[in-house]
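Read the structure below first, then the notes.
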Amino acid sequence: MQLYNTLTQKKEEFVPHEPGKVRMYTCGPTVYHFAHIGNLRTYIMEDMLEKSLRYLGYDVTRAMNITDVGHLSSDGDTGEDKMLSGAKREHKSVMEIAKFYTDAFFSDCEKLGIQKPEIVVPATGCIDTFIELVSALLDKGFAYLAGGNVYFDTSQLKTYYVFGNMEEEGLAVGVRESVEADGNKRNKSDFVLWFTKSKFDDQELKWESPWGLGYPGWHIECSGISIKYLGEYLDIHCGGIDNAFPHHTNEIAQSESYLGHPWCRYWFHVLHLNDARGKMSKSKGGFLTVSLLEEQGYDPMAYRFFCLQSHYRKPLAFSFENLDNAAAAYKKLVQRIAALKDDGKRDEAGAAPLRGSFRGALANDINTAQALTVLYDVLKADLPDGEKRALLAEFDGVLTLRLMEAAEKEAANAQPSGVDADEAAEIEVLIARRVEARKAKNWAEADAIRDALAARGVTLTDTPEGVKWSKK
């Protein structure tokens, strides 16, 4: 398998630390508001990565955090905790906000076919782990106390800016809005590991620590949870490209300083979903959610299909026109699958090249657009309908577009009124026999079947999507 590694900025052969086993970590949501469809593009592509690895034979263990404390509104360790901001906005407690938006996030994931990681851990459940890591970093000389807070000392590292194409001067100032200078820092690139009451007295969630009553910084969460649940060696770390700096940069700094050895081999970053205003963002307001798309009549599967049409390392331009095109393509694909007959016939030898093409697309840096193309190749292939259906169901186990389920509904809705299920099934069998006769150029048998159906009032229409029929 070949994966693009953001750390080395090139596509590499994927070699996990332990043969056949993959330890994978996903940066989870900060649950202060609904996830917008830009956030969810990242989770869709991470879901594709996990399912592709499993399909290709790897044993995957995946963990994800839920950030319910510590994520400030600025990357410069300043501003208000996003969870506290959400609580004030809705006049609820922080934990009420966390519970509501965690549930909403996983509801959206279910609608989009995103599998829930087997390990999901809220930050508030691992405070002792974070304190242990911070204490060790202080003992090793990688952290210091200042102004009541504990900071990571980036000057102790040989290399801090580990991701390429980064200019130190620009990155040190920060990449997001409202980054303010912190006078407690020894170096402008240092970051907070633990806040105390000396800085944020209005913080709702606080815990006792060796440095006073306080709470963890955002970056220490992912390091602590990953190390606790996946061990000292991580194979793949996932996230949106905006997490590369400073969040993932800081994770690498503190994790490797704590462990004393390299930590994560491969970094998988998904590029932004852009709308007419640029990167989709909650801070701009008016962001789109899955529920809003549903209210406007869109099947969430159409949005997943839209995302899979583009490579995860390319920015994706969202417009309703583009989504409409994807929805139309998805519907047509479902209709073509619905036209396949469940004849039970198989052709494993004929299926092998198509299966190889699908595996190749996944193994080539999760090329989902090419994987979708293989679906159409299956439909065009000279294979029995039963084999086509089996292949499509197998491939959709990875793509998770719910194609077979949608095709069954399409076929049921297409059944003419006044015809019971038994008669419809009998007609479908005769149509399938006619299709096979036409493939064999047995025109006499094909015409005889057509005439027999016509005598029963059944009219056949040959279309690019298959044979349609109706009954008077």
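For the structure tokens, the naming scheme is as follows: chains receive sequential letters (A, B, ...) according to their order of presentation, residues are indexed from 1 within each chain, and ligands are indexed from 1 in presentation order.
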Who sits within 12 Å of Asn187 in chain A, only C-alpha atoms, same chain under 3 positions skipped, as a list in words: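 Skipping anything fewer than 3 positions along the chain leaves Ala143, Tyr144, Tyr151, Phe152, Asp153, Thr154, Ser155, Gln156, Tyr160, Ala172, Val173, Ala181, Asp182, Gly183, Asn184, Asp190, Phe191 and Val192 of chain A.
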Include N, CA and C atoms and write out the residues we just selected as a PDB file, in the first residue's frame.
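out.pdb written:
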ATOM      1  N   ALA A 143       9.843  21.157  29.873  1.00  0.00           N
ATOM      2  CA  ALA A 143       8.747  22.049  30.233  1.00  0.00           C
ATOM      3  C   ALA A 143       9.178  22.926  31.397  1.00  0.00           C
ATOM      4  N   TYR A 144       8.454  24.019  31.605  1.00  0.00           N
ATOM      5  CA  TYR A 144       8.770  24.951  32.690  1.00  0.00           C
ATOM      6  C   TYR A 144       7.481  25.604  33.187  1.00  0.00           C
ATOM      7  N   TYR A 151       4.473  25.296  30.543  1.00  0.00           N
ATOM      8  CA  TYR A 151       4.723  25.467  29.117  1.00  0.00           C
ATOM      9  C   TYR A 151       5.708  24.429  28.615  1.00  0.00           C
ATOM     10  N   PHE A 152       5.533  24.016  27.359  1.00  0.00           N
ATOM     11  CA  PHE A 152       6.536  23.186  26.699  1.00  0.00           C
ATOM     12  C   PHE A 152       7.613  24.101  26.144  1.00  0.00           C
ATOM     13  N   ASP A 153       8.876  23.726  26.352  1.00  0.00           N
ATOM     14  CA  ASP A 153      10.017  24.539  25.949  1.00  0.00           C
ATOM     15  C   ASP A 153      10.543  24.036  24.598  1.00  0.00           C
ATOM     16  N   THR A 154      10.147  24.702  23.521  1.00  0.00           N
ATOM     17  CA  THR A 154      10.544  24.246  22.180  1.00  0.00           C
ATOM     18  C   THR A 154      12.025  24.442  21.902  1.00  0.00           C
ATOM     19  N   SER A 155      12.703  25.264  22.694  1.00  0.00           N
ATOM     20  CA  SER A 155      14.143  25.478  22.475  1.00  0.00           C
ATOM     21  C   SER A 155      14.958  24.230  22.810  1.00  0.00           C
ATOM     22  N   GLN A 156      14.345  23.261  23.509  1.00  0.00           N
ATOM     23  CA  GLN A 156      15.041  22.027  23.861  1.00  0.00           C
ATOM     24  C   GLN A 156      15.069  21.022  22.711  1.00  0.00           C
ATOM     25  N   TYR A 160      11.723  21.723  15.649  1.00  0.00           N
ATOM     26  CA  TYR A 160      10.341  21.876  16.108  1.00  0.00           C
ATOM     27  C   TYR A 160       9.382  21.866  14.921  1.00  0.00           C
ATOM     28  N   ALA A 172       5.564  30.998  13.695  1.00  0.00           N
ATOM     29  CA  ALA A 172       5.695  31.348  15.104  1.00  0.00           C
ATOM     30  C   ALA A 172       4.672  32.391  15.522  1.00  0.00           C
ATOM     31  N   VAL A 173       4.275  33.236  14.570  1.00  0.00           N
ATOM     32  CA  VAL A 173       3.243  34.232  14.875  1.00  0.00           C
ATOM     33  C   VAL A 173       1.890  33.562  15.004  1.00  0.00           C
ATOM     34  N   ALA A 181       0.264  37.637  21.894  1.00  0.00           N
ATOM     35  CA  ALA A 181       1.510  37.265  22.548  1.00  0.00           C
ATOM     36  C   ALA A 181       1.245  36.890  24.005  1.00  0.00           C
ATOM     37  N   ASP A 182       1.967  35.896  24.493  1.00  0.00           N
ATOM     38  CA  ASP A 182       1.869  35.461  25.880  1.00  0.00           C
ATOM     39  C   ASP A 182       3.203  35.792  26.542  1.00  0.00           C
ATOM     40  N   GLY A 183       3.173  36.747  27.458  1.00  0.00           N
ATOM     41  CA  GLY A 183       4.399  37.215  28.096  1.00  0.00           C
ATOM     42  C   GLY A 183       5.076  36.197  28.977  1.00  0.00           C
ATOM     43  N   ASN A 184       4.383  35.113  29.334  1.00  0.00           N
ATOM     44  CA  ASN A 184       4.989  34.082  30.171  1.00  0.00           C
ATOM     45  C   ASN A 184       5.937  33.163  29.390  1.00  0.00           C
ATOM     46  N   ASP A 190       6.660  28.359  22.136  1.00  0.00           N
ATOM     47  CA  ASP A 190       6.266  27.513  23.267  1.00  0.00           C
ATOM     48  C   ASP A 190       4.746  27.438  23.377  1.00  0.00           C
ATOM     49  N   PHE A 191       4.250  26.388  23.998  1.00  0.00           N
ATOM     50  CA  PHE A 191       2.794  26.228  24.117  1.00  0.00           C
ATOM     51  C   PHE A 191       2.451  25.658  25.492  1.00  0.00           C
ATOM     52  N   VAL A 192       1.198  25.876  25.890  1.00  0.00           N
ATOM     53  CA  VAL A 192       0.758  25.525  27.236  1.00  0.00           C
ATOM     54  C   VAL A 192       0.398  24.044  27.331  1.00  0.00           C
TER      55      VAL A 192
END
Within 6 Å of range 269-271 of chain A using only C-alpha atoms, minus same-chain residues under 4 positions, as number ranges by chain: A: 42, 238-241, 312-315
Put those residues in a file: N, CA and C atoms, as a PDB file, in the first residue's frame.
ATOM      1  N   THR A  42     -13.435  15.519   6.320  1.00  0.00           N
ATOM      2  CA  THR A  42     -12.242  14.904   6.905  1.00  0.00           C
ATOM      3  C   THR A  42     -12.576  13.550   7.514  1.00  0.00           C
ATOM      4  N   CYS A 238      -4.322  10.946  11.924  1.00  0.00           N
ATOM      5  CA  CYS A 238      -5.174  11.612  10.935  1.00  0.00           C
ATOM      6  C   CYS A 238      -5.677  12.955  11.446  1.00  0.00           C
ATOM      7  N   GLY A 239      -6.081  13.792  10.498  1.00  0.00           N
ATOM      8  CA  GLY A 239      -6.706  15.065  10.852  1.00  0.00           C
ATOM      9  C   GLY A 239      -6.839  15.950   9.630  1.00  0.00           C
ATOM     10  N   GLY A 240      -7.506  17.085   9.796  1.00  0.00           N
ATOM     11  CA  GLY A 240      -7.575  18.079   8.738  1.00  0.00           C
ATOM     12  C   GLY A 240      -6.225  18.762   8.580  1.00  0.00           C
ATOM     13  N   ILE A 241      -5.977  19.312   7.406  1.00  0.00           N
ATOM     14  CA  ILE A 241      -4.687  19.930   7.135  1.00  0.00           C
ATOM     15  C   ILE A 241      -4.427  21.120   8.050  1.00  0.00           C
ATOM     16  N   TYR A 312      -8.535  13.032  -1.420  1.00  0.00           N
ATOM     17  CA  TYR A 312      -8.496  13.704  -0.112  1.00  0.00           C
ATOM     18  C   TYR A 312      -7.396  14.759  -0.028  1.00  0.00           C
ATOM     19  N   ARG A 313      -6.386  14.685  -0.884  1.00  0.00           N
ATOM     20  CA  ARG A 313      -5.295  15.664  -0.837  1.00  0.00           C
ATOM     21  C   ARG A 313      -5.528  16.858  -1.757  1.00  0.00           C
ATOM     22  N   LYS A 314      -6.729  16.958  -2.298  1.00  0.00           N
ATOM     23  CA  LYS A 314      -7.086  18.115  -3.126  1.00  0.00           C
ATOM     24  C   LYS A 314      -8.176  18.917  -2.420  1.00  0.00           C
ATOM     25  N   PRO A 315      -8.089  20.264  -2.442  1.00  0.00           N
ATOM     26  CA  PRO A 315      -9.200  21.055  -1.911  1.00  0.00           C
ATOM     27  C   PRO A 315     -10.461  20.718  -2.700  1.00  0.00           C
TER      28      PRO A 315
END
Find the residues near range 296-311 of chain A: any atom within 8 Å, counting only C-alpha atoms, skip ones fewer than 3 places away on the same chain, and give them as a PyMOL selection string. chain A and resi 41+44-45+111-113+290+292-293+314+316+322-323+326-327+330+366-369+372+401-402
With only C-alpha atoms as the basis for distance, which of A:Tyr58, A:Phe163, A:Phe100, A:Phe245 is at the shortest distance from Val31 in chain A?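 The closest residue to Val31 in chain A is A:Phe100.
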As a PyMOL selection string, please: the residues near range 10-17 of chain A (cut-off 10 Å, only C-alpha atoms, same-chain neighbours under 5 positions excluded). chain A and resi 1-5+22-23+58+233-236+264-266+363-365
Just-selected residues, N, CA and C atoms written as a JSON list (two decimals), in the first residue's frame:
[["chain", "number", "residue", "atom", "x", "y", "z"],
["A", 1, "MET", "N", 0.84, -1.19, 0.00],
["A", 1, "MET", "CA", 0.00, 0.00, 0.00],
["A", 1, "MET", "C", 0.88, 1.24, 0.00],
["A", 2, "GLN", "N", 0.49, 2.23, -0.80],
["A", 2, "GLN", "CA", 1.20, 3.51, -0.87],
["A", 2, "GLN", "C", 0.34, 4.59, -0.21],
["A", 3, "LEU", "N", 0.95, 5.35, 0.70],
["A", 3, "LEU", "CA", 0.26, 6.46, 1.36],
["A", 3, "LEU", "C", 1.14, 7.70, 1.30],
["A", 4, "TYR", "N", 0.48, 8.85, 1.09],
["A", 4, "TYR", "CA", 1.21, 10.11, 1.15],
["A", 4, "TYR", "C", 1.42, 10.46, 2.62],
["A", 5, "ASN", "N", 2.66, 10.75, 2.97],
["A", 5, "ASN", "CA", 3.02, 11.07, 4.35],
["A", 5, "ASN", "C", 3.32, 12.57, 4.43],
["A", 22, "VAL", "N", -2.29, -2.24, 12.48],
["A", 22, "VAL", "CA", -2.24, -0.78, 12.34],
["A", 22, "VAL", "C", -2.84, -0.12, 13.56],
["A", 23, "ARG", "N", -2.06, 0.76, 14.17],
["A", 23, "ARG", "CA", -2.56, 1.61, 15.26],
["A", 23, "ARG", "C", -2.81, 2.99, 14.66],
["A", 58, "TYR", "N", -5.32, -5.55, 6.70],
["A", 58, "TYR", "CA", -4.69, -5.12, 7.95],
["A", 58, "TYR", "C", -5.67, -5.23, 9.11],
["A", 233, "TYR", "N", 4.06, 3.39, 20.09],
["A", 233, "TYR", "CA", 4.33, 3.52, 18.65],
["A", 233, "TYR", "C", 3.01, 3.62, 17.90],
["A", 234, "LEU", "N", 2.84, 4.72, 17.20],
["A", 234, "LEU", "CA", 1.62, 4.98, 16.44],
["A", 234, "LEU", "C", 1.95, 4.87, 14.95],
["A", 235, "ASP", "N", 1.09, 4.21, 14.18],
["A", 235, "ASP", "CA", 1.35, 4.04, 12.75],
["A", 235, "ASP", "C", 0.82, 5.21, 11.93],
["A", 236, "ILE", "N", -0.44, 5.59, 12.15],
["A", 236, "ILE", "CA", -1.05, 6.66, 11.35],
["A", 236, "ILE", "C", -1.79, 7.62, 12.27],
["A", 264, "CYS", "N", 5.15, 8.63, 15.72],
["A", 264, "CYS", "CA", 4.19, 8.29, 14.66],
["A", 264, "CYS", "C", 4.87, 8.28, 13.30],
["A", 265, "ARG", "N", 4.65, 7.21, 12.54],
["A", 265, "ARG", "CA", 5.33, 7.05, 11.26],
["A", 265, "ARG", "C", 4.68, 7.84, 10.12],
["A", 266, "TYR", "N", 3.35, 7.83, 10.06],
["A", 266, "TYR", "CA", 2.66, 8.41, 8.90],
["A", 266, "TYR", "C", 1.60, 9.41, 9.36],
["A", 363, "ALA", "N", -5.17, 0.98, -2.68],
["A", 363, "ALA", "CA", -3.77, 0.88, -2.28],
["A", 363, "ALA", "C", -2.93, 2.03, -2.83],
["A", 364, "ASN", "N", -3.47, 2.76, -3.80],
["A", 364, "ASN", "CA", -2.78, 3.90, -4.37],
["A", 364, "ASN", "C", -3.22, 5.18, -3.66],
["A", 365, "ASP", "N", -2.83, 5.29, -2.38],
["A", 365, "ASP", "CA", -3.11, 6.50, -1.59],
["A", 365, "ASP", "C", -4.60, 6.82, -1.53]]
As a VMD selection string, please: all residues of range 37-141 of chain A that backbone DSSP puts in strand (DSSP E). chain A and resid 59 to 66 119 to 122
Based on the backbone DSSP call, show me all residues of range 260-410 of chain A assigned helix (DSSP H, G or I), as a ChimeraX atom specification. /A:282-284,290-295,300-308,320-338,348-363,368-380,385-399,403-410
Write out as a ChimeraX atom specification the residues lying within 6 Å of Gly386 in chain A, counting only C-alpha atoms and excluding same-chain residues fewer than 6 positions away. /A:342-346
Expected file: the selected residues, C-alpha atoms, as a compact mmCIF listing (two decimals), in the first residue's frame:
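Contents of part-v2.txt, freshly written:
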# COMPACT_ATOMS: atom_id res chain seq x y z
CA ASP A 342 -30.66 -11.41 -8.62
CA ASP A 343 -30.06 -14.51 -10.72
CA GLY A 344 -27.55 -16.11 -8.33
CA LYS A 345 -25.05 -16.74 -11.12
CA ARG A 346 -21.34 -16.18 -10.41
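Straight-line separation from CA of Gln9 in chain A to CA of Ile252 in chain A: 16.2 Å.
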Pick from A:His261, A:Leu157, A:Gln335, A:Val398 nearest to Asn413 in chain A, counting only C-alpha atoms: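 Ranking A:His261, A:Leu157, A:Gln335, A:Val398 by distance to Asn413 in chain A, first place goes to A:Gln335.
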